[in-house]
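See below for upload.csv, which holds CSV, C-alpha atoms and all ligand atoms.
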```
chain,number,residue,atom,x,y,z
A,1,MET,CA,141.9,95.4,112.4
A,2,SER,CA,140.3,92.0,112.3
A,3,ASP,CA,137.3,91.5,110.0
A,4,ALA,CA,135.0,91.1,113.1
A,5,ALA,CA,136.1,94.4,114.5
A,6,LYS,CA,135.6,96.4,111.3
A,7,PRO,CA,132.4,98.5,111.3
A,8,LYS,CA,129.7,97.0,109.1
A,9,PRO,CA,128.6,99.0,106.1
A,10,PRO,CA,125.1,100.6,106.8
A,11,GLN,CA,122.3,98.2,106.0
A,12,PRO,CA,120.4,99.3,102.9
A,13,ARG,CA,116.8,100.0,103.8
A,14,GLY,CA,114.1,97.6,102.6
A,15,ARG,CA,111.6,98.6,100.0
A,16,PHE,CA,108.0,99.2,100.9
A,17,ILE,CA,105.4,98.0,98.4
A,18,THR,CA,101.7,98.3,98.9
A,19,PHE,CA,98.9,96.5,97.1
A,20,GLU,CA,95.5,98.1,96.6
A,21,GLY,CA,92.3,97.3,94.8
A,22,GLY,CA,88.6,96.6,95.2
A,23,GLU,CA,87.1,93.4,96.5
A,24,GLY,CA,88.2,90.3,94.6
A,25,SER,CA,91.0,92.0,92.8
A,26,GLY,CA,93.4,89.3,93.8
A,27,LYS,CA,95.7,91.2,96.1
A,28,SER,CA,96.5,88.3,98.5
A,29,THR,CA,97.4,85.9,95.7
A,30,GLN,CA,99.6,88.5,94.0
A,31,ILE,CA,101.4,89.5,97.2
A,32,GLN,CA,102.3,85.9,97.9
A,33,LEU,CA,103.5,85.3,94.3
A,34,LEU,CA,105.7,88.4,94.5
A,35,ALA,CA,107.0,87.5,97.9
A,36,ASP,CA,108.0,84.1,96.6
A,37,ARG,CA,109.8,85.7,93.6
A,38,LEU,CA,111.7,88.2,95.8
A,39,ASN,CA,112.7,85.5,98.3
A,40,ALA,CA,113.9,83.4,95.5
A,41,ALA,CA,116.1,86.4,94.5
A,42,LYS,CA,117.5,86.3,98.1
A,43,LEU,CA,115.7,89.5,99.0
A,44,ARG,CA,114.4,89.1,102.6
A,45,THR,CA,110.7,89.8,102.4
A,46,ILE,CA,107.7,89.9,104.7
A,47,THR,CA,104.0,90.1,103.8
A,48,THR,CA,101.5,91.9,106.0
A,49,ARG,CA,98.1,93.5,105.7
A,50,GLU,CA,95.8,96.3,106.8
A,51,PRO,CA,93.8,96.7,108.8
A,52,GLY,CA,95.9,94.4,111.0
A,53,GLY,CA,99.4,93.1,110.7
A,54,SER,CA,100.4,93.6,114.3
A,55,ALA,CA,98.8,92.1,117.5
A,56,GLY,CA,97.0,95.4,118.4
A,57,ALA,CA,95.9,96.2,114.9
A,58,GLU,CA,94.4,92.8,114.4
A,59,ILE,CA,92.1,93.5,117.4
A,60,VAL,CA,91.0,96.7,115.7
A,61,ARG,CA,90.5,94.8,112.4
A,62,HIS,CA,88.0,92.6,114.0
A,63,LEU,CA,86.1,95.6,115.4
A,64,LEU,CA,86.0,97.2,112.0
A,65,LEU,CA,85.3,94.3,109.6
A,66,SER,CA,82.6,92.7,111.9
A,67,GLY,CA,80.7,96.0,111.3
A,68,MET,CA,80.6,96.8,115.0
A,69,ALA,CA,82.0,100.2,114.4
A,70,LYS,CA,79.8,101.0,111.4
A,71,ALA,CA,77.1,102.7,113.6
A,72,PHE,CA,79.7,105.3,114.7
A,73,GLY,CA,80.0,106.6,111.2
A,74,PRO,CA,82.9,106.8,108.6
A,75,GLU,CA,84.8,109.5,110.6
A,76,THR,CA,85.2,107.2,113.7
A,77,GLU,CA,85.9,104.3,111.4
A,78,SER,CA,88.7,106.2,109.8
A,79,LEU,CA,90.1,107.0,113.3
A,80,LEU,CA,90.1,103.3,114.1
A,81,PHE,CA,91.9,102.5,110.8
A,82,ALA,CA,94.4,105.1,111.7
A,83,ALA,CA,94.9,103.7,115.2
A,84,ALA,CA,95.5,100.2,113.7
A,85,ARG,CA,97.9,101.7,111.1
A,86,ASP,CA,99.9,103.5,113.8
A,87,ASP,CA,100.6,100.3,115.7
A,88,HIS,CA,101.3,98.3,112.5
A,89,VAL,CA,103.8,100.9,111.2
A,90,ASN,CA,105.6,101.2,114.6
A,91,GLN,CA,105.6,97.5,115.5
A,92,VAL,CA,106.1,95.8,112.1
A,93,ILE,CA,106.7,98.0,109.0
A,94,GLU,CA,109.4,100.4,110.2
A,95,PRO,CA,111.5,97.8,112.1
A,96,ALA,CA,111.5,95.5,109.1
A,97,LEU,CA,112.5,98.3,106.6
A,98,ALA,CA,115.2,99.4,108.9
A,99,GLN,CA,116.7,95.9,108.9
A,100,GLY,CA,116.7,95.8,105.1
A,101,THR,CA,113.6,93.6,104.8
A,102,TRP,CA,111.2,94.3,101.9
A,103,VAL,CA,107.7,94.8,103.1
A,104,LEU,CA,104.7,93.8,101.0
A,105,CYS,CA,101.5,95.2,102.5
A,106,ASP,CA,98.0,94.3,101.5
A,107,ARG,CA,96.3,97.8,101.6
A,108,PHE,CA,97.6,101.0,103.2
A,109,THR,CA,96.8,104.7,103.2
A,110,ASP,CA,95.2,104.6,99.8
A,111,SER,CA,92.4,102.4,101.2
A,112,THR,CA,91.5,105.0,103.8
A,113,ARG,CA,91.6,107.7,101.1
A,114,VAL,CA,89.3,105.7,98.9
A,115,TYR,CA,86.9,103.9,101.3
A,116,GLN,CA,86.6,106.5,104.1
A,117,GLY,CA,87.5,109.6,102.0
A,118,GLU,CA,85.9,109.2,98.5
A,119,LEU,CA,83.1,106.9,99.6
A,120,GLY,CA,82.6,107.8,103.2
A,121,LYS,CA,83.0,111.5,102.5
A,122,VAL,CA,85.4,112.0,105.4
A,123,ASP,CA,87.1,115.4,105.0
A,124,PRO,CA,90.4,114.9,103.1
A,125,LYS,CA,92.0,117.4,105.5
A,126,LEU,CA,91.3,115.0,108.4
A,127,ILE,CA,92.6,112.0,106.4
A,128,ARG,CA,95.9,113.9,105.6
A,129,ALA,CA,96.2,114.9,109.3
A,130,MET,CA,95.8,111.3,110.4
A,131,GLU,CA,98.4,110.3,107.8
A,132,ARG,CA,100.9,112.8,109.2
A,133,VAL,CA,100.4,111.3,112.7
A,134,THR,CA,100.4,107.6,111.7
A,135,ILE,CA,103.0,107.4,108.9
A,136,GLY,CA,104.9,110.7,109.0
A,137,SER,CA,107.3,110.6,106.1
A,138,LEU,CA,106.9,106.9,105.4
A,139,LYS,CA,105.7,106.5,101.8
A,140,PRO,CA,105.4,103.4,99.7
A,141,ASP,CA,108.2,103.0,97.2
A,142,LEU,CA,105.6,101.5,94.9
A,143,THR,CA,101.9,101.0,95.1
A,144,ILE,CA,100.4,98.3,92.8
A,145,ILE,CA,96.8,99.0,92.1
A,146,LEU,CA,95.0,95.8,90.8
A,147,ASP,CA,92.1,96.7,88.6
A,148,VAL,CA,89.3,94.4,87.7
A,149,PRO,CA,85.8,95.1,86.4
A,150,VAL,CA,83.4,95.2,89.3
A,151,ALA,CA,81.3,92.2,88.2
A,152,VAL,CA,84.5,90.1,88.0
A,153,GLY,CA,85.7,91.3,91.4
A,154,MET,CA,82.4,90.7,93.1
A,155,GLU,CA,82.1,87.2,91.6
A,156,ARG,CA,85.6,86.3,92.8
A,157,ALA,CA,84.9,87.6,96.3
A,158,LEU,CA,81.6,85.6,96.5
A,159,LYS,CA,83.4,82.4,95.4
A,160,ARG,CA,86.2,83.0,98.0
A,161,ARG,CA,83.7,83.7,100.8
A,162,GLY,CA,81.6,80.6,100.1
A,163,THR,CA,78.8,80.4,102.7
A,164,ALA,CA,80.4,82.9,105.1
A,165,ALA,CA,78.6,86.3,105.6
A,166,PRO,CA,80.1,89.3,103.8
A,167,ASP,CA,82.2,91.6,105.9
A,168,ARG,CA,81.5,95.3,106.5
A,169,PHE,CA,82.5,96.4,103.0
A,170,GLU,CA,81.9,93.3,100.9
A,171,GLY,CA,78.3,93.7,101.7
A,172,GLU,CA,78.0,97.0,99.9
A,173,GLY,CA,76.2,97.2,96.5
A,174,VAL,CA,77.4,97.4,92.9
A,175,SER,CA,77.4,101.3,92.8
A,176,PHE,CA,79.7,101.4,95.9
A,177,HIS,CA,82.2,99.1,94.1
A,178,GLU,CA,82.0,101.1,90.9
A,179,LYS,CA,82.8,104.3,92.8
A,180,LEU,CA,85.6,102.4,94.5
A,181,ARG,CA,87.1,101.4,91.2
A,182,ASP,CA,86.9,105.0,89.9
A,183,ALA,CA,88.6,106.3,93.0
A,184,TYR,CA,91.5,103.9,92.6
A,185,LEU,CA,91.9,104.9,88.9
A,186,LYS,CA,92.0,108.5,90.0
A,187,ILE,CA,94.8,107.8,92.5
A,188,ALA,CA,96.7,105.8,89.9
A,189,ASN,CA,96.5,108.6,87.4
A,190,GLY,CA,97.2,111.3,89.9
A,191,ASP,CA,100.5,109.8,91.2
A,192,PRO,CA,102.1,107.7,88.4
A,193,GLN,CA,105.5,107.9,90.0
A,194,ARG,CA,104.4,105.9,93.0
A,195,CYS,CA,101.5,103.9,91.5
A,196,ALA,CA,101.3,101.2,88.9
A,197,LEU,CA,97.9,100.3,87.6
A,198,VAL,CA,97.8,96.6,86.7
A,199,ASP,CA,95.1,95.0,84.7
A,200,ALA,CA,94.1,92.1,87.0
A,201,ASP,CA,91.4,90.6,84.8
A,202,ALA,CA,93.4,87.5,83.9
A,203,ASP,CA,94.7,84.3,85.4
A,204,PRO,CA,97.0,84.7,88.5
A,205,LYS,CA,100.2,83.8,86.6
A,206,THR,CA,99.6,86.4,83.9
A,207,VAL,CA,98.8,89.0,86.5
A,208,ALA,CA,101.9,88.1,88.4
A,209,GLU,CA,104.0,88.8,85.3
A,210,ARG,CA,102.4,92.2,84.9
A,211,VAL,CA,103.1,93.0,88.6
A,212,TRP,CA,106.7,91.9,88.1
A,213,LYS,CA,107.1,94.1,85.1
A,214,ALA,CA,105.6,97.1,87.0
A,215,LEU,CA,108.0,96.5,89.8
A,216,ARG,CA,111.0,96.4,87.5
A,217,ASP,CA,109.9,99.4,85.6
A,218,HIS,CA,109.3,101.5,88.8
A,219,LEU,CA,112.1,100.3,91.0
A,220,PHE,CA,114.9,99.1,88.8
A,221,SER,CA,114.6,101.3,85.7
A,222,VAL,CA,118.0,102.9,86.7
A,223,ALA,CA,120.5,100.0,86.8
A,224,THR,CA,122.5,101.3,89.8
A,225,THR,CA,120.9,99.6,92.8
A,226,ARG,CA,122.4,96.6,94.6
A,227,GLU,CA,119.2,94.7,94.0
A,228,THR,CA,119.2,95.1,90.3
A,229,SER,CA,121.9,92.4,89.7
A,230,GLN,CA,119.9,90.0,91.9
A,231,VAL,CA,116.5,90.0,90.3
B,1,LIG,P1,90.4,92.8,103.1
B,1,LIG,O1,91.5,92.3,104.1
B,1,LIG,O2,89.6,91.7,102.5
B,1,LIG,O3,91.0,93.6,102.0
B,1,LIG,O4,89.4,93.7,103.9
B,1,LIG,C1,89.7,94.9,104.4
B,1,LIG,C2,88.6,95.8,104.3
B,1,LIG,O5,88.8,97.0,105.0
B,1,LIG,C3,88.3,96.2,102.8
B,1,LIG,O6,86.9,96.1,102.5
B,1,LIG,C4,88.7,97.6,102.8
B,1,LIG,C5,88.6,98.1,104.2
B,1,LIG,N1,89.6,99.2,104.5
B,1,LIG,C6,89.1,100.5,104.7
B,1,LIG,O7,87.9,100.7,104.5
B,1,LIG,N2,90.0,101.4,105.0
B,1,LIG,C7,91.3,101.2,105.2
B,1,LIG,O8,92.1,102.1,105.6
B,1,LIG,C8,91.8,99.8,105.1
B,1,LIG,C9,93.2,99.5,105.3
B,1,LIG,C10,90.9,98.8,104.7
```
Once you've parsed the file, please lay out its structure as structure tokens.
Ligand code: TMP
Amino acid sequence: MSDAAKPKPPQPRGRFITFEGGEGSGKSTQIQLLADRLNAAKLRTITTREPGGSAGAEIVRHLLLSGMAKAFGPETESLLFAAARDDHVNQVIEPALAQGTWVLCDRFTDSTRVYQGELGKVDPKLIRAMERVTIGSLKPDLTIILDVPVAVGMERALKRRGTAAPDRFEGEGVSFHEKLRDAYLKIANGDPQRCALVDADADPKTVAERVWKALRDHLFSVATTRETSQV
């Protein structure tokens, strides 16, 4: 049999890594730094975000972050986040993982659990039910939770925003952001196998090293995977 006719070995599935944290925790910067590092290690990687990441979900993002949907209440907002997630998972995340591409996603289901669940008081049963519909058995291989003191995060977010108006959630007060931070710490402590809590109160390079260490500790602690030799 010629090489071309031989069946190809099955493509190893990509890894799914999500980044979470409050406003100004540095997710976008850290995602890009990690993507650069994985690409340099010849691991095909895409970066994406929620809400959004697919054409349909980006439309819903605009609806949500402009505050247009706020008047409908947190339950309806959570349905809209779920609708956006459903499209994003089907159109972007699942196909990429199936092709062996690593997916780095800025926010995912933990954001709904925290913002709509813990803060918006949406029934956790409804949140779990929506997760069953939108993501099924898809679970992040690793969730990096970037933790910064609220004052630091709010100052960074303000600097980044410049003169633009705050979005739907940036405009909330200090106590909202304190509760947000506590909710993320609770998630990190409750699921240490999936989640790595990273102290993000440092310069981007230092935080990137902490993220890298968390990734190695969580994904490559057993030296048996194909990727281990590459990174
Ligand atoms: P960001 O792109 O600046 O992180 O903004 C997204 C905002 O949307 C952020 O304030 C968190 C919020 N959000 C939710 O409330 N629920 C969700 O499920 C997701 C993905 C985001």
Exercise for review: Using all atoms listed in the file, give me every residue within 12 Å of (79.0, 95.5, 102.0) in file coordinates, as a VMD selection string.
Suggested key: chain A and resid 22 to 23 65 to 67 70 115 154 157 to 158 165 to 177
Exercise for review: Could you report the residues within 9 Å of ligand LIG 1 (chain B), using only C-alpha atoms and all ligand atoms, as a PyMOL selection string?
Suggested key: chain A and resi 20-24+27-28+49-52+61+64-65+74+77-78+80-82+84-85+106-116+120+157+167-171
Check your understanding: With distances taken over all atoms listed in the file, which of A:Ile17, A:Ala5, A:Ala40, A:Val152 is nearest to Ala196 of chain A?
Key ->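 The closest residue to Ala196 of chain A is A:Ile17.
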**Study point:** A:Leu197, A:Leu126, A:Leu79, A:Ala188 ranked by distance to Lys213 of chain A, top pick (using only C-alpha atoms)
**Key:** A:Leu197
Exercise for review: Determine, counting all atoms listed in the file, which protein, DNA and RNA residues have an atom within 6 Å of an atom of Thr143 of chain A; residues of the same chain fewer than 6 positions away are not included. Present the result as a list in words.
Suggested key: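 Returned residues: Ile17, Thr18, Phe19, Arg194 and Cys195 of chain A.
Take the candidates A:Leu180, A:Leu43, A:Val198, A:Leu97 and check each one against Trp212 of chain A using only C-alpha atoms; the shortest distance goes to A:Val198.
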Exercise for review: Could you tell me which of A:Ile59, A:Asp123, A:Ser25, A:Glu94 comes closest to Arg181 of chain A if we count only C-alpha atoms?
Suggested key: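 Closest candidate: A:Ser25.
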Check your understanding: If you measure from atom CA of Tyr184 of chain A to atom CA of Leu146 of chain A, what distance in Å do you get, rounded to one decimal?
Key ->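 That distance, rounded to one decimal, is 9.0 Å.
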Practice item. Quick one: pull the distance between atom CA of Cys105 of chain A and atom CA of Gly73 of chain A, Å, one decimal. Key: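 That distance, rounded to one decimal, is 25.8 Å.
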